[in-house]
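What follows is a single structure, written as structure tokens, with notes after it.
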Amino acid sequence: MEWRKSSRSGSTSNCVELRQDLSAIRDSKRPDVALPLSRSAVRHLVTTLR
């Protein structure tokens, strides 16, 4: 599964990445550990952070 990071992160590795299917998030510094979330929880998080 592919991961994407915010376009505001630039080329740094200090960012939170979102799984393409919206089922998990992870810290780019620790790509081996992901936090699984429901799609609705991820949407709510993204909406809140904007």
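By order in the structure tokens, chains are A, B, ...; within a chain, residues start at 1; ligands start at 1, following the order shown.
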> Could you pull out the helix (DSSP H, G or I) residues of segment 13-50 of chain A from DSSP and send them as number ranges by chain?
Replying inline: A: 39-49
>> If DSSP is run on the backbone, what residues of chain A are strand (DSSP E)? A reply as a ChimeraX atom specification would be ideal.
In response: /A:3-5,16-19,24-27,34-36
> Hey, what's within 12 Å of Ser6 of chain A if we count only C-alpha atoms and toss same-chain stuff fewer than 4 positions away? As a PyMOL selection string, please?
Replying inline: chain A and resi 10-19+25+27-28+46+49-50
>> When you look at Ala41 of chain A with a cut-off of 10 Å (counting only C-alpha atoms), what residues show up, excluding the ones that are within fewer than 5 positions of it in the same chain? I need them as a PyMOL selection string.
In response: chain A and resi 22-24+36+46-47
> When you draw a straight line from atom CA of Leu37 of chain A to atom CA of Lys5 of chain A, how long is it in Å?
Replying inline: 16.5 Å
>> Could you tell me how far atom CA of Asp21 of chain A sits from atom CA of Arg39 of chain A, in Å to one decimal place?
In response: 8.1 Å
